[in-house]
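Read the structure below first, then the notes.
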Amino acid sequence: MANEQHSGFGRRGFLAGMGGVIGASGLGSTSPAAAAAPHHGPRPEDFHGHRQLLVPELLLLPEGPVRDRAVLVSGGTFRAVGPAEQLIEAHRDLPPVRLDGHVLMPGFVDAHHHLTQSFGKAQSFGQPSEIFKTVWEPLEHALDEESAYVSAKLAALEALRGGFTTVADAGTRAPVDVRAIARATEEAGIRCVLGKIVSDGTGGPAHLERWDGHPLVHPSLAIAVPEDATAESLKKTAALCAEAGAVLQIHVNEHLASVERSLKSVGRRPVEHLHHIGALGPHTLGAHATLLTPTEMRLLADSGAAISYNPVASAWKGNGVTHATMLAAMGVRFGMGTDGTRGDGFRLMDAGETAQRLAYGLGSGDSVCGAGRMWLDHATTRSADALGLGKVTGEIATGKAADYLVVNLDVPELTPSYDLRWELVRLANRDQIAAVVVAGRLRLWHGRPTDWDAPALVTRAAELGPQVVERAKIQRVEPVYAS
């Protein structure tokens, strides 16, 4: 769109060449909005207090990046989004905070994570695709209360450092109360969709009630794969989630082995089975879905169910790549997830676009593969929608939670700048993130928490992690340190 195109000059070159012609829409102009605050780089104290009036160089809205806009944050919520001059005039009691050289954008939303698997992440390299029985189950079963908490907090810290303001935990097999995970994410300061595995059909209502109304923890029910539960339990759990406005998290069509197990046990593929028993609907969030037939894609679209597209997981340990651009064309709701691989929002978008290009775009001559705008949208707004949080977070809009990033634009990677959305997908790095804010509270400043001791956590994780891995007796195809 016009606000992000600079006719070949690049951001700074264009502005210097046009000078006062740009007027209120240009960086360094003499408009009232530009003159209303002193010029300095952002500081942590700029984001403290109950209310802030923020004036970034660019504001990433659903329609794209725009200039000369401001946001009013109050009580952890975006209370107003609009022209900078108007908001500054309407709120003279607030000193406007200018964020020159920065974009204010929604935080990334991780639609599929396993927070208690962080100690074993590096154990999954070079392994056959379906490794949950040889790596993840033994690892999580070896966790105790402290190690589960430390693992989850370590994963939450990595997610925040990568620009995620929300993560969805798909349920842990660790023999601990999920309160340990909730405590870890609360202390780290990240929003969490907290799954509880209820394959045996028990514990669902209590979990949903326990976290109902919590400001940062949103309850969810989980069944690892459809074959883990009876048809009755699947249908009952889906109904509970639908009634509570929560999501049912379930891995579907991830690996060939799981598809074949489903065919042998119930005579249908996983997505077909969920549809047949009445467990597929807007409350259903299927993870991976790399091996979908056209019929299953149609079932997803017609039912309103959502999918988490996890491209890095496909690269590391998958049998296929979710045909995300086809899902988008068919109207299937989908977000993007890390699956606990690496907590980096920019690299996730890059992997998502690259995987589509290699798996499907090259063969069909599709040189666009959704463009930058699609991947930004699905890593933020659409991921929030997939998690049932579309009314809560995922975009810069009045009434939504103030979950956002302040990202430095004045870097070599983005100079010159012509199309910011594409550039954020392909060129941006997490070291450009100056601030991570969740619910209006500054959680990270240049990669470091503002109110808790991250080095101490990392030190403790380095002690506990190897102990857990040793207890787990993980089965690898090759030695951990292969020559």
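The way I read the labels, and the way they are meant: chains A, B, ... in the order of the structure tokens, residue 1 as the first residue of every chain, and ligand 1 as the first ligand shown, with later ones counted on from there.
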task = Find the spatial neighbours of Val252 of chain A, counting only C-alpha atoms, within a cut-off of 6 Å - ignore same-chain residues fewer than 6 positions away - and output them as an NGL selection string.
result = :A and (270 or 286-287 or 289)
request  = Step one, run DSSP on the backbone; step two, keep only residues of segment 107-147 of chain A assigned to helix (DSSP H, G or I); then write them as a list of chain:residue names.
outcome  =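 Matching residues, listed in order: A:Leu115, A:Thr116, A:Gln117, A:Ser118, A:Phe119, A:Gly120, A:Lys121, A:Ala122, A:Gln123, A:Phe132, A:Lys133, A:Thr134, A:Val135, A:Trp136, A:Glu137, A:Pro138, A:Leu139, A:Glu140, A:His141, A:Glu145, A:Glu146, A:Ser147.
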Expected file contents, prior selection, N, CA and C atoms, as a PDB file, in the first residue's frame:
```
ATOM      1  N   LEU A 115       5.617 -26.574  26.206  1.00  0.00           N
ATOM      2  CA  LEU A 115       6.515 -25.825  27.084  1.00  0.00           C
ATOM      3  C   LEU A 115       7.393 -26.711  27.958  1.00  0.00           C
ATOM      4  N   THR A 116       6.956 -27.923  28.239  1.00  0.00           N
ATOM      5  CA  THR A 116       7.757 -28.790  29.111  1.00  0.00           C
ATOM      6  C   THR A 116       8.668 -29.727  28.325  1.00  0.00           C
ATOM      7  N   GLN A 117       8.900 -29.421  27.054  1.00  0.00           N
ATOM      8  CA  GLN A 117       9.817 -30.231  26.259  1.00  0.00           C
ATOM      9  C   GLN A 117      11.127 -29.502  25.951  1.00  0.00           C
ATOM     10  N   SER A 118      11.357 -28.360  26.581  1.00  0.00           N
ATOM     11  CA  SER A 118      12.514 -27.548  26.206  1.00  0.00           C
ATOM     12  C   SER A 118      13.842 -28.237  26.514  1.00  0.00           C
ATOM     13  N   PHE A 119      13.901 -29.101  27.530  1.00  0.00           N
ATOM     14  CA  PHE A 119      15.158 -29.778  27.859  1.00  0.00           C
ATOM     15  C   PHE A 119      15.559 -30.807  26.797  1.00  0.00           C
ATOM     16  N   GLY A 120      14.587 -31.258  26.008  1.00  0.00           N
ATOM     17  CA  GLY A 120      14.884 -32.294  25.024  1.00  0.00           C
ATOM     18  C   GLY A 120      14.885 -31.807  23.592  1.00  0.00           C
ATOM     19  N   LYS A 121      14.754 -30.510  23.394  1.00  0.00           N
ATOM     20  CA  LYS A 121      14.661 -29.967  22.035  1.00  0.00           C
ATOM     21  C   LYS A 121      15.836 -30.395  21.171  1.00  0.00           C
ATOM     22  N   ALA A 122      17.049 -30.304  21.701  1.00  0.00           N
ATOM     23  CA  ALA A 122      18.238 -30.650  20.927  1.00  0.00           C
ATOM     24  C   ALA A 122      18.416 -32.160  20.774  1.00  0.00           C
ATOM     25  N   GLN A 123      17.575 -32.949  21.441  1.00  0.00           N
ATOM     26  CA  GLN A 123      17.619 -34.397  21.283  1.00  0.00           C
ATOM     27  C   GLN A 123      16.847 -34.852  20.041  1.00  0.00           C
ATOM     28  N   PHE A 132       7.513 -39.093  19.343  1.00  0.00           N
ATOM     29  CA  PHE A 132       6.920 -38.773  20.644  1.00  0.00           C
ATOM     30  C   PHE A 132       7.078 -39.933  21.627  1.00  0.00           C
ATOM     31  N   LYS A 133       7.116 -41.168  21.119  1.00  0.00           N
ATOM     32  CA  LYS A 133       7.251 -42.309  22.025  1.00  0.00           C
ATOM     33  C   LYS A 133       8.693 -42.524  22.479  1.00  0.00           C
ATOM     34  N   THR A 134       9.660 -42.081  21.661  1.00  0.00           N
ATOM     35  CA  THR A 134      11.060 -42.325  21.995  1.00  0.00           C
ATOM     36  C   THR A 134      11.742 -41.137  22.661  1.00  0.00           C
ATOM     37  N   VAL A 135      11.195 -39.933  22.457  1.00  0.00           N
ATOM     38  CA  VAL A 135      11.818 -38.738  23.027  1.00  0.00           C
ATOM     39  C   VAL A 135      10.875 -38.005  23.977  1.00  0.00           C
ATOM     40  N   TRP A 136       9.707 -37.576  23.472  1.00  0.00           N
ATOM     41  CA  TRP A 136       8.887 -36.650  24.256  1.00  0.00           C
ATOM     42  C   TRP A 136       8.206 -37.306  25.450  1.00  0.00           C
ATOM     43  N   GLU A 137       7.623 -38.473  25.270  1.00  0.00           N
ATOM     44  CA  GLU A 137       6.971 -39.112  26.410  1.00  0.00           C
ATOM     45  C   GLU A 137       7.966 -39.458  27.520  1.00  0.00           C
ATOM     46  N   PRO A 138       9.106 -40.095  27.216  1.00  0.00           N
ATOM     47  CA  PRO A 138      10.080 -40.361  28.291  1.00  0.00           C
ATOM     48  C   PRO A 138      10.581 -39.080  28.949  1.00  0.00           C
ATOM     49  N   LEU A 139      10.811 -38.062  28.148  1.00  0.00           N
ATOM     50  CA  LEU A 139      11.320 -36.806  28.707  1.00  0.00           C
ATOM     51  C   LEU A 139      10.332 -36.195  29.691  1.00  0.00           C
ATOM     52  N   GLU A 140       9.076 -36.067  29.272  1.00  0.00           N
ATOM     53  CA  GLU A 140       8.093 -35.426  30.150  1.00  0.00           C
ATOM     54  C   GLU A 140       7.787 -36.285  31.372  1.00  0.00           C
ATOM     55  N   HIS A 141       7.801 -37.591  31.218  1.00  0.00           N
ATOM     56  CA  HIS A 141       7.567 -38.464  32.370  1.00  0.00           C
ATOM     57  C   HIS A 141       8.690 -38.356  33.399  1.00  0.00           C
ATOM     58  N   GLU A 145       8.111 -31.516  39.773  1.00  0.00           N
ATOM     59  CA  GLU A 145       7.498 -30.183  39.881  1.00  0.00           C
ATOM     60  C   GLU A 145       8.484 -29.078  39.505  1.00  0.00           C
ATOM     61  N   GLU A 146       9.702 -29.122  40.073  1.00  0.00           N
ATOM     62  CA  GLU A 146      10.658 -28.055  39.794  1.00  0.00           C
ATOM     63  C   GLU A 146      11.125 -28.067  38.337  1.00  0.00           C
ATOM     64  N   SER A 147      11.480 -29.240  37.822  1.00  0.00           N
ATOM     65  CA  SER A 147      12.009 -29.284  36.461  1.00  0.00           C
ATOM     66  C   SER A 147      10.939 -28.940  35.428  1.00  0.00           C
TER      67      SER A 147
END
```
key: Selection: 9 Å around Gly41 of chain A, only C-alpha atoms, excl. self and same-chain fewer than 2 positions, as a count of residues only   = 6
message = Could you list, as an MDAnalysis selection string, every residue within 8 Å of Thr237 of chain A, counting only C-alpha atoms and ignoring same-chain residues fewer than 3 positions away?
response = chainID A and resid 198 201 204 221 233:234 240:241 248
Selection export as a compact mmCIF listing (two decimals), in the first residue's frame, atoms kept: C-alpha atoms:
```txt
# COMPACT_ATOMS: atom_id res chain seq x y z
CA VAL A 198 -8.01 -35.27 29.27
CA GLY A 201 -12.46 -38.17 29.87
CA GLY A 204 -11.95 -31.19 31.92
CA LEU A 221 -8.46 -29.08 26.87
CA SER A 233 -14.51 -38.93 25.21
CA LEU A 234 -13.59 -36.99 22.08
CA LEU A 240 -17.16 -28.98 26.83
CA CYS A 241 -14.82 -26.71 24.90
CA LEU A 248 -9.73 -28.49 21.99
```
ask   = Quick one: of A:Gly64, A:Gly203, A:Gly189, A:Gly267, who's nearest to Glu158 of chain A, counting only C-alpha atoms?
value = A:Gly189
inquiry  = as a PyMOL selection string, please: the residues near Thr77 of chain A (cut-off 8 Å, only C-alpha atoms, same-chain neighbours under 6 positions excluded).
reply    = chain A and resi 398-402+439-440
ask   = Can you list, as a PyMOL selection string, every protein, DNA or RNA residue that comes within 9 Å of Leu60 of chain A when you count only C-alpha atoms, leaving out same-chain residues fewer than 5 positions away?
value = chain A and resi 65-66+103-106+395-396+421
Quick one: write out the picked residues with all heavy atoms as a CSV table (one decimal), in the first residue's frame?
```csv
chain,number,residue,atom,x,y,z
A,65,PRO,N,1.3,-1.2,7.4
A,65,PRO,CA,2.0,-0.2,8.2
A,65,PRO,C,1.6,1.2,7.8
A,65,PRO,O,1.5,1.5,6.6
A,65,PRO,CB,3.5,-0.5,7.9
A,65,PRO,CG,3.5,-1.1,6.5
A,65,PRO,CD,2.2,-1.9,6.5
A,66,VAL,N,1.3,2.1,8.7
A,66,VAL,CA,0.9,3.4,8.5
A,66,VAL,C,1.7,4.4,9.3
A,66,VAL,O,2.3,4.0,10.4
A,66,VAL,CB,-0.6,3.7,8.8
A,66,VAL,CG1,-1.4,2.8,7.8
A,66,VAL,CG2,-0.9,3.3,10.2
A,103,VAL,N,8.9,0.4,14.5
A,103,VAL,CA,7.6,0.1,14.2
A,103,VAL,C,6.9,-0.6,15.5
A,103,VAL,O,7.6,-1.3,16.2
A,103,VAL,CB,7.5,-0.9,13.0
A,103,VAL,CG1,8.2,-2.2,13.3
A,103,VAL,CG2,6.0,-1.2,12.7
A,104,LEU,N,5.7,-0.2,15.8
A,104,LEU,CA,5.0,-0.8,16.8
A,104,LEU,C,4.0,-1.8,16.2
A,104,LEU,O,3.2,-1.4,15.3
A,104,LEU,CB,4.2,0.2,17.6
A,104,LEU,CG,3.6,-0.2,19.0
A,104,LEU,CD1,3.5,1.0,19.9
A,104,LEU,CD2,2.2,-0.9,18.8
A,105,MET,N,4.2,-3.1,16.5
A,105,MET,CA,3.4,-4.1,15.8
A,105,MET,C,2.9,-5.1,16.8
A,105,MET,O,3.3,-5.2,18.0
A,105,MET,CB,4.3,-4.9,14.8
A,105,MET,CG,5.5,-5.6,15.5
A,105,MET,SD,6.5,-6.5,14.3
A,105,MET,CE,5.5,-8.0,14.0
A,106,PRO,N,1.9,-5.9,16.4
A,106,PRO,CA,1.3,-6.9,17.3
A,106,PRO,C,2.4,-8.0,17.7
A,106,PRO,O,3.3,-8.3,16.9
A,106,PRO,CB,0.2,-7.6,16.5
A,106,PRO,CG,-0.1,-6.7,15.4
A,106,PRO,CD,1.2,-6.0,15.1
A,395,GLU,N,-3.8,-8.1,17.3
A,395,GLU,CA,-3.7,-6.9,16.4
A,395,GLU,C,-3.8,-5.7,17.3
A,395,GLU,O,-4.1,-5.6,18.4
A,395,GLU,CB,-4.9,-6.9,15.4
A,395,GLU,CG,-6.2,-6.8,16.0
A,395,GLU,CD,-7.4,-6.8,15.0
A,395,GLU,OE1,-7.0,-6.8,13.8
A,395,GLU,OE2,-8.5,-6.8,15.4
A,396,ILE,N,-3.3,-4.6,16.6
A,396,ILE,CA,-3.4,-3.3,17.2
A,396,ILE,C,-4.7,-2.7,16.9
A,396,ILE,O,-5.0,-2.2,15.8
A,396,ILE,CB,-2.3,-2.3,16.7
A,396,ILE,CG1,-0.9,-3.0,16.7
A,396,ILE,CG2,-2.2,-1.0,17.5
A,396,ILE,CD1,-0.4,-3.4,18.1
A,421,ARG,N,6.2,-5.2,5.1
A,421,ARG,CA,5.6,-6.5,5.5
A,421,ARG,C,6.5,-7.7,4.9
A,421,ARG,O,6.8,-8.6,5.6
A,421,ARG,CB,4.2,-6.6,5.0
A,421,ARG,CG,3.3,-5.7,5.9
A,421,ARG,CD,1.8,-5.8,5.5
A,421,ARG,NE,1.5,-5.2,4.3
A,421,ARG,CZ,0.3,-5.0,3.8
A,421,ARG,NH1,-0.8,-5.4,4.5
A,421,ARG,NH2,0.1,-4.4,2.7
```
key: Between atom CA of Val407 of chain A and atom CA of Asn310 of chain A, distance in Å (one decimal)   = 23.9 Å
key: Counting only C-alpha atoms, the residue of A:Thr202, A:Pro128, A:Ser303, A:Ala184 that sits nearest His255 of chain A   = A:Pro128
query = For Pro311 of chain A, which residue among A:His112, A:Arg261, A:His276, A:Arg373 is the nearest when counting only C-alpha atoms?
reply = A:His112
